[in-house]
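Text of model_36.cif (mmCIF, C-alpha atoms) as supplied:
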data_data
#
loop_
_atom_site.group_PDB
_atom_site.id
_atom_site.type_symbol
_atom_site.label_atom_id
_atom_site.label_comp_id
_atom_site.auth_asym_id
_atom_site.auth_seq_id
_atom_site.Cartn_x
_atom_site.Cartn_y
_atom_site.Cartn_z
ATOM 1 C CA MET A 1447 157.657 21.301 -9.197
ATOM 2 C CA LYS A 1448 159.058 23.915 -11.538
ATOM 3 C CA THR A 1449 157.698 27.453 -11.823
ATOM 4 C CA ALA A 1450 158.811 30.383 -13.980
ATOM 5 C CA VAL A 1451 158.469 34.149 -14.078
ATOM 6 C CA VAL A 1452 158.741 35.869 -17.478
ATOM 7 C CA THR A 1453 160.409 39.280 -17.561
ATOM 8 C CA PHE A 1454 159.685 41.709 -20.407
ATOM 9 C CA PRO A 1455 161.560 44.989 -20.912
ATOM 10 C CA GLY A 1456 159.652 47.284 -18.551
ATOM 11 C CA SER A 1457 158.327 44.599 -16.197
ATOM 12 C CA ASN A 1458 158.657 45.844 -12.630
ATOM 13 C CA CYS A 1459 156.815 43.312 -10.470
ATOM 14 C CA ASP A 1460 158.791 40.307 -11.668
ATOM 15 C CA ARG A 1461 160.884 40.088 -8.519
ATOM 16 C CA ASP A 1462 157.837 40.474 -6.247
ATOM 17 C CA ILE A 1463 156.039 37.587 -7.888
ATOM 18 C CA TRP A 1464 159.265 35.564 -7.934
ATOM 19 C CA VAL A 1465 159.606 36.050 -4.142
ATOM 20 C CA ALA A 1466 155.935 35.182 -3.568
ATOM 21 C CA LEU A 1467 156.337 31.947 -5.534
ATOM 22 C CA ARG A 1468 159.613 31.091 -3.806
ATOM 23 C CA ASP A 1469 158.190 31.708 -0.328
ATOM 24 C CA VAL A 1470 155.052 29.677 -0.939
ATOM 25 C CA SER A 1471 156.613 26.824 -2.916
ATOM 26 C CA GLY A 1472 159.976 26.661 -1.135
ATOM 27 C CA LYS A 1473 161.697 26.514 -4.530
ATOM 28 C CA GLU A 1474 163.247 29.266 -6.596
ATOM 29 C CA PRO A 1475 161.295 29.958 -9.797
ATOM 30 C CA VAL A 1476 163.188 30.024 -13.098
ATOM 31 C CA LYS A 1477 163.679 33.508 -14.549
ATOM 32 C CA VAL A 1478 162.783 33.699 -18.228
ATOM 33 C CA TRP A 1479 163.605 36.630 -20.527
ATOM 34 C CA HIS A 1480 161.116 37.816 -23.159
ATOM 35 C CA GLY A 1481 163.610 37.279 -25.961
ATOM 36 C CA ASP A 1482 164.169 33.621 -25.122
ATOM 37 C CA ALA A 1483 162.870 31.430 -27.896
ATOM 38 C CA GLU A 1484 161.590 28.643 -25.669
ATOM 39 C CA LEU A 1485 160.463 28.131 -22.092
ATOM 40 C CA PRO A 1486 162.491 25.648 -20.054
ATOM 41 C CA ASP A 1487 161.176 22.083 -20.273
ATOM 42 C CA GLY A 1488 158.827 20.666 -17.682
ATOM 43 C CA LEU A 1489 157.299 23.856 -16.297
ATOM 44 C CA ASP A 1490 154.324 23.420 -13.984
ATOM 45 C CA PHE A 1491 153.391 27.086 -13.637
ATOM 46 C CA ILE A 1492 154.133 30.340 -15.500
ATOM 47 C CA ALA A 1493 153.672 33.874 -14.139
ATOM 48 C CA LEU A 1494 153.504 37.040 -16.256
ATOM 49 C CA PRO A 1495 154.251 39.961 -13.943
ATOM 50 C CA GLY A 1496 153.059 43.540 -13.722
ATOM 51 C CA GLY A 1497 154.860 46.556 -15.079
ATOM 52 C CA PHE A 1498 154.922 48.611 -18.250
ATOM 53 C CA SER A 1499 156.290 46.223 -20.844
ATOM 54 C CA TYR A 1500 157.691 48.052 -23.885
ATOM 55 C CA GLY A 1501 156.603 51.330 -22.276
ATOM 56 C CA ASP A 1502 152.941 50.481 -23.000
ATOM 57 C CA TYR A 1503 153.663 51.395 -26.655
ATOM 58 C CA LEU A 1504 150.689 51.021 -29.014
ATOM 59 C CA ARG A 1505 148.439 49.484 -26.321
ATOM 60 C CA SER A 1506 149.322 48.101 -22.879
ATOM 61 C CA GLY A 1507 150.580 44.556 -23.327
ATOM 62 C CA SER A 1508 150.355 44.551 -27.124
ATOM 63 C CA MET A 1509 154.069 44.470 -27.867
ATOM 64 C CA ALA A 1510 154.836 41.912 -25.155
ATOM 65 C CA ALA A 1511 152.064 39.681 -26.496
ATOM 66 C CA ASN A 1512 154.066 39.454 -29.717
ATOM 67 C CA SER A 1513 157.492 38.925 -28.157
ATOM 68 C CA PRO A 1514 159.360 35.681 -28.946
ATOM 69 C CA ILE A 1515 158.683 33.890 -25.630
ATOM 70 C CA MET A 1516 154.918 34.357 -25.922
ATOM 71 C CA ARG A 1517 154.580 31.726 -28.651
ATOM 72 C CA SER A 1518 155.928 29.258 -26.149
ATOM 73 C CA VAL A 1519 153.694 30.611 -23.346
ATOM 74 C CA VAL A 1520 150.582 30.324 -25.557
ATOM 75 C CA ALA A 1521 151.531 26.749 -26.485
ATOM 76 C CA ALA A 1522 152.058 25.842 -22.808
ATOM 77 C CA ALA A 1523 148.714 27.398 -21.835
ATOM 78 C CA GLU A 1524 147.013 25.411 -24.574
ATOM 79 C CA ARG A 1525 148.603 22.233 -23.194
ATOM 80 C CA GLY A 1526 147.014 23.050 -19.814
ATOM 81 C CA VAL A 1527 149.989 24.510 -17.925
ATOM 82 C CA PRO A 1528 148.639 27.018 -15.354
ATOM 83 C CA VAL A 1529 149.413 30.636 -16.318
ATOM 84 C CA LEU A 1530 148.831 33.672 -14.088
ATOM 85 C CA GLY A 1531 148.989 37.206 -15.474
ATOM 86 C CA VAL A 1532 148.906 40.072 -12.995
ATOM 87 C CA CYS A 1533 148.220 43.670 -14.053
ATOM 88 C CA ASN A 1534 150.375 44.165 -17.172
ATOM 89 C CA GLY A 1535 150.476 40.351 -17.315
ATOM 90 C CA PHE A 1536 146.663 40.363 -17.589
ATOM 91 C CA GLN A 1537 146.903 42.951 -20.389
ATOM 92 C CA VAL A 1538 149.427 40.706 -22.169
ATOM 93 C CA LEU A 1539 147.118 37.681 -21.833
ATOM 94 C CA THR A 1540 144.197 39.559 -23.412
ATOM 95 C CA GLU A 1541 146.397 40.907 -26.211
ATOM 96 C CA ALA A 1542 147.701 37.359 -26.790
ATOM 97 C CA ARG A 1543 144.044 36.252 -26.936
ATOM 98 C CA LEU A 1544 144.465 33.707 -24.181
ATOM 99 C CA LEU A 1545 141.745 35.627 -22.342
ATOM 100 C CA PRO A 1546 138.731 37.487 -23.777
ATOM 101 C CA GLY A 1547 138.162 41.226 -23.513
ATOM 102 C CA ALA A 1548 140.483 44.195 -23.295
ATOM 103 C CA LEU A 1549 141.798 46.551 -20.611
ATOM 104 C CA MET A 1550 141.132 50.189 -21.336
ATOM 105 C CA ARG A 1551 142.127 53.460 -19.657
ATOM 106 C CA ASN A 1552 140.577 53.802 -16.172
ATOM 107 C CA SER A 1553 137.245 55.596 -16.416
ATOM 108 C CA ASN A 1554 138.442 58.477 -14.218
ATOM 109 C CA GLN A 1555 141.667 58.873 -16.299
ATOM 110 C CA HIS A 1556 143.821 58.513 -13.190
ATOM 111 C CA PHE A 1557 146.501 56.032 -12.279
ATOM 112 C CA ILE A 1558 144.945 54.210 -9.323
ATOM 113 C CA CYS A 1559 147.266 52.934 -6.605
ATOM 114 C CA ARG A 1560 145.569 51.701 -3.445
ATOM 115 C CA THR A 1561 144.326 48.584 -1.699
ATOM 116 C CA VAL A 1562 140.827 47.610 -2.818
ATOM 117 C CA PRO A 1563 138.259 45.090 -1.591
ATOM 118 C CA LEU A 1564 137.567 42.168 -3.921
ATOM 119 C CA THR A 1565 134.866 39.543 -3.815
ATOM 120 C CA VAL A 1566 135.952 35.983 -4.565
ATOM 121 C CA GLU A 1567 133.350 34.947 -7.138
ATOM 122 C CA ASN A 1568 134.655 31.500 -7.934
ATOM 123 C CA ASN A 1569 136.579 29.448 -5.378
ATOM 124 C CA GLN A 1570 136.514 26.279 -7.478
ATOM 125 C CA SER A 1571 139.446 27.269 -9.680
ATOM 126 C CA LEU A 1572 143.061 26.216 -9.544
ATOM 127 C CA PHE A 1573 143.955 29.707 -8.367
ATOM 128 C CA THR A 1574 141.224 30.358 -5.811
ATOM 129 C CA SER A 1575 140.532 27.077 -4.009
ATOM 130 C CA ALA A 1576 141.987 28.340 -0.708
ATOM 131 C CA TYR A 1577 139.412 31.153 -0.539
ATOM 132 C CA GLU A 1578 135.777 31.003 0.554
ATOM 133 C CA ALA A 1579 133.183 31.706 -2.132
ATOM 134 C CA GLY A 1580 131.841 35.212 -1.663
ATOM 135 C CA GLU A 1581 134.680 36.141 0.678
ATOM 136 C CA THR A 1582 135.904 39.753 0.656
ATOM 137 C CA ILE A 1583 139.681 40.096 0.435
ATOM 138 C CA HIS A 1584 141.918 43.161 0.243
ATOM 139 C CA ILE A 1585 144.558 43.381 -2.486
ATOM 140 C CA PRO A 1586 146.488 46.383 -3.867
ATOM 141 C CA VAL A 1587 145.904 47.693 -7.375
ATOM 142 C CA ALA A 1588 148.332 49.947 -9.267
ATOM 143 C CA HIS A 1589 147.295 50.621 -12.842
ATOM 144 C CA HIS A 1590 146.260 53.158 -15.442
ATOM 145 C CA ASP A 1591 144.630 50.725 -17.851
ATOM 146 C CA GLY A 1592 142.515 48.376 -15.751
ATOM 147 C CA ASN A 1593 139.070 49.135 -17.092
ATOM 148 C CA TYR A 1594 137.878 45.706 -18.256
ATOM 149 C CA PHE A 1595 135.801 45.721 -21.419
ATOM 150 C CA ALA A 1596 134.089 42.935 -23.323
ATOM 151 C CA ASP A 1597 130.807 42.900 -25.235
ATOM 152 C CA ALA A 1598 127.628 41.958 -23.352
ATOM 153 C CA GLU A 1599 127.475 38.491 -24.891
ATOM 154 C CA THR A 1600 131.032 37.704 -23.772
ATOM 155 C CA LEU A 1601 130.340 39.060 -20.278
ATOM 156 C CA ASP A 1602 127.191 36.907 -19.991
ATOM 157 C CA ARG A 1603 129.180 33.870 -21.076
ATOM 158 C CA LEU A 1604 132.004 34.577 -18.592
ATOM 159 C CA GLU A 1605 129.505 34.925 -15.750
ATOM 160 C CA GLY A 1606 127.483 31.903 -16.849
ATOM 161 C CA GLU A 1607 130.572 29.701 -17.007
ATOM 162 C CA GLY A 1608 131.926 30.845 -13.621
ATOM 163 C CA ARG A 1609 134.893 32.475 -15.270
ATOM 164 C CA VAL A 1610 134.792 35.685 -13.252
ATOM 165 C CA ALA A 1611 137.287 34.835 -10.506
ATOM 166 C CA PHE A 1612 137.264 38.176 -8.706
ATOM 167 C CA ARG A 1613 135.068 41.251 -8.729
ATOM 168 C CA TYR A 1614 135.781 44.666 -7.224
ATOM 169 C CA ALA A 1615 133.573 45.097 -4.158
ATOM 170 C CA GLU A 1616 133.465 48.844 -4.825
ATOM 171 C CA ALA A 1617 133.763 50.999 -7.936
ATOM 172 C CA VAL A 1618 137.453 51.190 -8.882
ATOM 173 C CA ASN A 1619 138.225 51.755 -12.548
ATOM 174 C CA GLY A 1620 135.028 51.519 -14.572
ATOM 175 C CA SER A 1621 135.375 47.811 -15.379
ATOM 176 C CA GLN A 1622 132.311 46.208 -16.926
ATOM 177 C CA ARG A 1623 130.372 44.444 -14.172
ATOM 178 C CA ASP A 1624 133.237 45.271 -11.758
ATOM 179 C CA ILE A 1625 135.313 42.420 -13.150
ATOM 180 C CA ALA A 1626 138.807 42.275 -11.605
ATOM 181 C CA GLY A 1627 139.964 38.829 -12.749
ATOM 182 C CA VAL A 1628 138.897 36.310 -15.400
ATOM 183 C CA LEU A 1629 139.668 32.685 -16.214
ATOM 184 C CA ASN A 1630 139.974 31.045 -19.614
ATOM 185 C CA LYS A 1631 137.490 28.363 -20.597
ATOM 186 C CA ALA A 1632 139.724 25.498 -19.461
ATOM 187 C CA GLY A 1633 140.369 27.242 -16.121
ATOM 188 C CA ASN A 1634 144.180 27.082 -16.316
ATOM 189 C CA VAL A 1635 144.753 30.746 -17.231
ATOM 190 C CA LEU A 1636 143.902 33.575 -14.830
ATOM 191 C CA GLY A 1637 144.352 37.279 -15.523
ATOM 192 C CA MET A 1638 143.751 39.861 -12.813
ATOM 193 C CA MET A 1639 144.529 43.553 -12.332
ATOM 194 C CA PRO A 1640 145.046 43.461 -8.520
ATOM 195 C CA HIS A 1641 148.481 42.374 -7.283
ATOM 196 C CA PRO A 1642 148.281 39.305 -4.995
ATOM 197 C CA GLU A 1643 152.099 39.236 -4.790
ATOM 198 C CA ARG A 1644 151.967 42.569 -2.964
ATOM 199 C CA ALA A 1645 149.921 41.055 -0.145
ATOM 200 C CA ILE A 1646 151.642 37.878 0.972
ATOM 201 C CA GLU A 1647 152.924 38.781 4.444
ATOM 202 C CA ALA A 1648 151.935 41.010 7.376
ATOM 203 C CA ALA A 1649 154.708 43.491 6.540
ATOM 204 C CA HIS A 1650 152.888 44.219 3.263
ATOM 205 C CA GLY A 1651 149.895 45.440 5.243
ATOM 206 C CA GLY A 1652 147.934 42.288 4.534
ATOM 207 C CA SER A 1653 148.381 38.737 3.352
ATOM 208 C CA ASP A 1654 145.152 38.057 1.458
ATOM 209 C CA GLY A 1655 147.103 37.429 -1.750
ATOM 210 C CA ARG A 1656 149.075 34.564 -0.288
ATOM 211 C CA ARG A 1657 146.245 32.067 -0.594
ATOM 212 C CA LEU A 1658 146.182 32.549 -4.366
ATOM 213 C CA PHE A 1659 149.738 31.230 -4.560
ATOM 214 C CA GLU A 1660 148.947 28.545 -1.978
ATOM 215 C CA SER A 1661 145.973 27.441 -4.102
ATOM 216 C CA VAL A 1662 147.952 27.053 -7.288
ATOM 217 C CA ILE A 1663 151.105 25.647 -5.679
ATOM 218 C CA GLY A 1664 148.944 23.272 -3.620
ATOM 219 C CA SER A 1665 147.402 21.943 -6.808
ATOM 220 C CA LEU A 1666 150.893 21.227 -8.152
ATOM 221 C CA VAL A 1667 152.252 19.388 -5.128
ATOM 222 C CA GLY A 1668 153.411 16.039 -6.345
ATOM 223 C CA ALA A 1669 153.953 17.479 -9.812
ATOM 224 C CA MET B 1380 153.610 53.388 -50.965
ATOM 225 C CA LYS B 1381 152.447 55.501 -48.051
ATOM 226 C CA VAL B 1382 149.593 54.096 -46.027
ATOM 227 C CA ARG B 1383 147.646 55.614 -43.174
ATOM 228 C CA ILE B 1384 145.858 53.346 -40.729
ATOM 229 C CA HIS B 1385 143.073 55.078 -38.827
ATOM 230 C CA VAL B 1386 142.278 53.222 -35.611
ATOM 231 C CA SER B 1387 139.136 54.255 -33.762
ATOM 232 C CA LEU B 1388 137.118 52.934 -30.854
ATOM 233 C CA LYS B 1389 134.081 50.888 -31.832
ATOM 234 C CA PRO B 1390 130.709 52.568 -31.373
ATOM 235 C CA GLY B 1391 129.390 51.794 -27.909
ATOM 236 C CA VAL B 1392 132.838 51.513 -26.316
ATOM 237 C CA LEU B 1393 133.154 54.257 -23.719
ATOM 238 C CA ASP B 1394 136.043 56.632 -24.376
ATOM 239 C CA PRO B 1395 137.143 58.236 -21.095
ATOM 240 C CA GLN B 1396 139.862 60.255 -22.860
ATOM 241 C CA GLY B 1397 137.391 61.623 -25.376
ATOM 242 C CA ARG B 1398 135.017 62.530 -22.571
ATOM 243 C CA ALA B 1399 137.760 64.388 -20.670
ATOM 244 C CA VAL B 1400 138.804 66.293 -23.808
ATOM 245 C CA HIS B 1401 135.170 67.130 -24.539
ATOM 246 C CA HIS B 1402 134.877 68.519 -21.022
ATOM 247 C CA ALA B 1403 138.056 70.574 -21.516
ATOM 248 C CA LEU B 1404 136.750 72.032 -24.796
ATOM 249 C CA ASP B 1405 133.551 73.014 -22.994
ATOM 250 C CA GLY B 1406 135.700 74.597 -20.291
ATOM 251 C CA LEU B 1407 137.536 76.683 -22.913
ATOM 252 C CA GLY B 1408 134.205 78.091 -23.984
ATOM 253 C CA PHE B 1409 133.838 76.303 -27.349
ATOM 254 C CA GLU B 1410 130.165 75.769 -27.953
ATOM 255 C CA GLY B 1411 128.356 73.093 -29.877
ATOM 256 C CA VAL B 1412 130.862 70.256 -29.436
ATOM 257 C CA GLN B 1413 128.563 67.245 -29.311
ATOM 258 C CA ASP B 1414 130.950 64.328 -28.977
ATOM 259 C CA VAL B 1415 134.699 63.671 -28.894
ATOM 260 C CA ARG B 1416 136.301 60.294 -29.555
ATOM 261 C CA ILE B 1417 140.034 59.773 -29.640
ATOM 262 C CA GLY B 1418 141.715 57.320 -31.974
ATOM 263 C CA ARG B 1419 145.165 56.681 -33.333
ATOM 264 C CA LEU B 1420 146.785 57.396 -36.686
ATOM 265 C CA ILE B 1421 149.563 55.104 -37.878
ATOM 266 C CA GLU B 1422 151.546 56.156 -40.946
ATOM 267 C CA MET B 1423 153.553 53.500 -42.718
ATOM 268 C CA GLU B 1424 155.839 53.359 -45.718
ATOM 269 C CA VAL B 1425 155.395 49.936 -47.321
ATOM 270 C CA ALA B 1426 156.546 48.232 -50.510
ATOM 271 C CA ASP B 1427 154.249 48.913 -53.480
ATOM 272 C CA THR B 1428 153.725 45.171 -53.760
ATOM 273 C CA THR B 1429 152.095 44.984 -50.294
ATOM 274 C CA THR B 1430 148.671 43.432 -50.716
ATOM 275 C CA ASP B 1431 145.423 44.601 -49.146
ATOM 276 C CA ALA B 1432 145.223 41.236 -47.423
ATOM 277 C CA ALA B 1433 148.626 41.794 -45.825
ATOM 278 C CA LEU B 1434 147.566 45.253 -44.610
ATOM 279 C CA ASP B 1435 144.391 43.795 -43.117
ATOM 280 C CA ASP B 1436 146.461 41.124 -41.424
ATOM 281 C CA MET B 1437 148.787 43.746 -39.892
ATOM 282 C CA CYS B 1438 145.795 45.638 -38.520
ATOM 283 C CA GLN B 1439 144.083 42.583 -37.088
ATOM 284 C CA LYS B 1440 147.187 41.009 -35.572
ATOM 285 C CA LEU B 1441 148.776 44.090 -34.059
ATOM 286 C CA LEU B 1442 147.803 47.607 -35.063
ATOM 287 C CA ALA B 1443 144.208 47.443 -33.815
ATOM 288 C CA ASN B 1444 142.646 45.484 -30.973
ATOM 289 C CA MET B 1445 139.529 44.083 -32.604
ATOM 290 C CA VAL B 1446 137.790 43.691 -29.232
ATOM 291 C CA ILE B 1447 137.486 47.466 -28.859
ATOM 292 C CA GLU B 1448 138.707 49.078 -32.056
ATOM 293 C CA ASN B 1449 137.926 49.414 -35.765
ATOM 294 C CA TYR B 1450 140.454 50.373 -38.409
ATOM 295 C CA ARG B 1451 140.383 51.999 -41.819
ATOM 296 C CA ILE B 1452 143.201 51.746 -44.351
ATOM 297 C CA GLU B 1453 143.948 54.817 -46.458
ATOM 298 C CA LYS B 1454 146.465 54.575 -49.284
ATOM 299 C CA VAL B 1455 147.993 58.021 -49.632
ATOM 300 C CA ALA B 1456 150.259 57.634 -52.661
#

As a first step, turn the structure in this file into structure tokens.
Amino acid sequence: MKTAVVTFPGSNCDRDIWVALRDVSGKEPVKVWHGDAELPDGLDFIALPGGFSYGDYLRSGSMAANSPIMRSVVAAAERGVPVLGVCNGFQVLTEARLLPGALMRNSNQHFICRTVPLTVENNQSLFTSAYEAGETIHIPVAHHDGNYFADAETLDRLEGEGRVAFRYAEAVNGSQRDIAGVLNKAGNVLGMMPHPERAIEAAHGGSDGRRLFESVIGSLVGA
Amino acid sequence: MKVRIHVSLKPGVLDPQGRAVHHALDGLGFEGVQDVRIGRLIEMEVADTTTDAALDDMCQKLLANMVIENYRIEKVA
């Protein structure tokens, strides 16, 4: 099994997600730089971390979505390689059009940094199989632009196809239909604003995020 | 050639920044402000040979996010 974490200039959760993947998989993920032309061969999983890539210039995630490595990430996602984008990583995935919708400024204008309750909407995905459907979990958020927007038709389609992975269980940032995490149509790309890598052991104040990594790593065992 | 790209939020997309600024204008005592929406102005210097199609492409690929924004291209000189 071979996993990778992509670092952009301004990423700041890359080490956290690297540690989460190492602890759960028992293997050190490969570190990939945004300017690399190609991903290493034979990757089984790619993580795009949180942070403020390129200082959030233009729009959050927009510059990173056009950085050299992203062509390779998009190609891998289209081949079916699992890709997880957390926070800024989610913004990058929407800007790269691997996921629908956009992440706008929080409705209350504030940077929100606290642990929030989430409802697991879909536990049939690669990333959520270790959770119970409808379960409430607690995961930290830390973002300014987490207000998920898509038109009503897109939202209906996402809900109808089971592509809402997580919903906020209370009002957090103004997201349409309280959406906290969405899957692509094929189910191998997940973007979410909450940070599962910040909740993988008791010392973090909770370990509800660990099962996300266990789900995806579990699906790769033997790979 | 100088080109201005006006990027604005699509109608129907909530603009929390615009709402906060509207509230602040009310607070300063300005009356009759009915709506405030905040966009972005991008000024570019491009070769005179740059085609309209190329400008559209720039807007759609990077300068605007077509999920939430519209753009208008203004050629200044």

Residues within 9 Å of Val1386 in chain B, all atoms listed in the file, excluding chain neighbours under 2 positions, as a PyMOL selection string: chain B and resi 1384+1388+1418-1421+1438+1442-1443+1448-1452

The PyMOL selection byres ((chain B) within 8 of (chain A)) - which residues does that actually catch in the file I just gave you? List them as a PyMOL selection string. chain B and resi 1395-1396+1441-1442+1444+1446-1447

Please enumerate the residues selected by the PyMOL selection byres ((chain A and resi 1639) around 9) when evaluated against the supplied file, formatted as a ChimeraX atom specification. /A:1496,1531-1537,1587-1589,1592,1626-1627,1637-1638,1640-1641

Give me the residues within 12 Å of Ser1513 in chain A as a list in words, counting all atoms listed in the file and dropping any in the same chain fewer than 6 places off. Val1452, Thr1453, Phe1454, Pro1455, Trp1479, His1480, Gly1481, Asp1482, Ala1483, Glu1484, Ser1499, Tyr1500, Gly1507, Val1519, Val1520, Val1538, Glu1541 and Ala1542 of chain A; Leu1441 of chain B

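Between CA of Ala1611 in chain A and CA of Ser1571 in chain A the separation is 7.9 Å.
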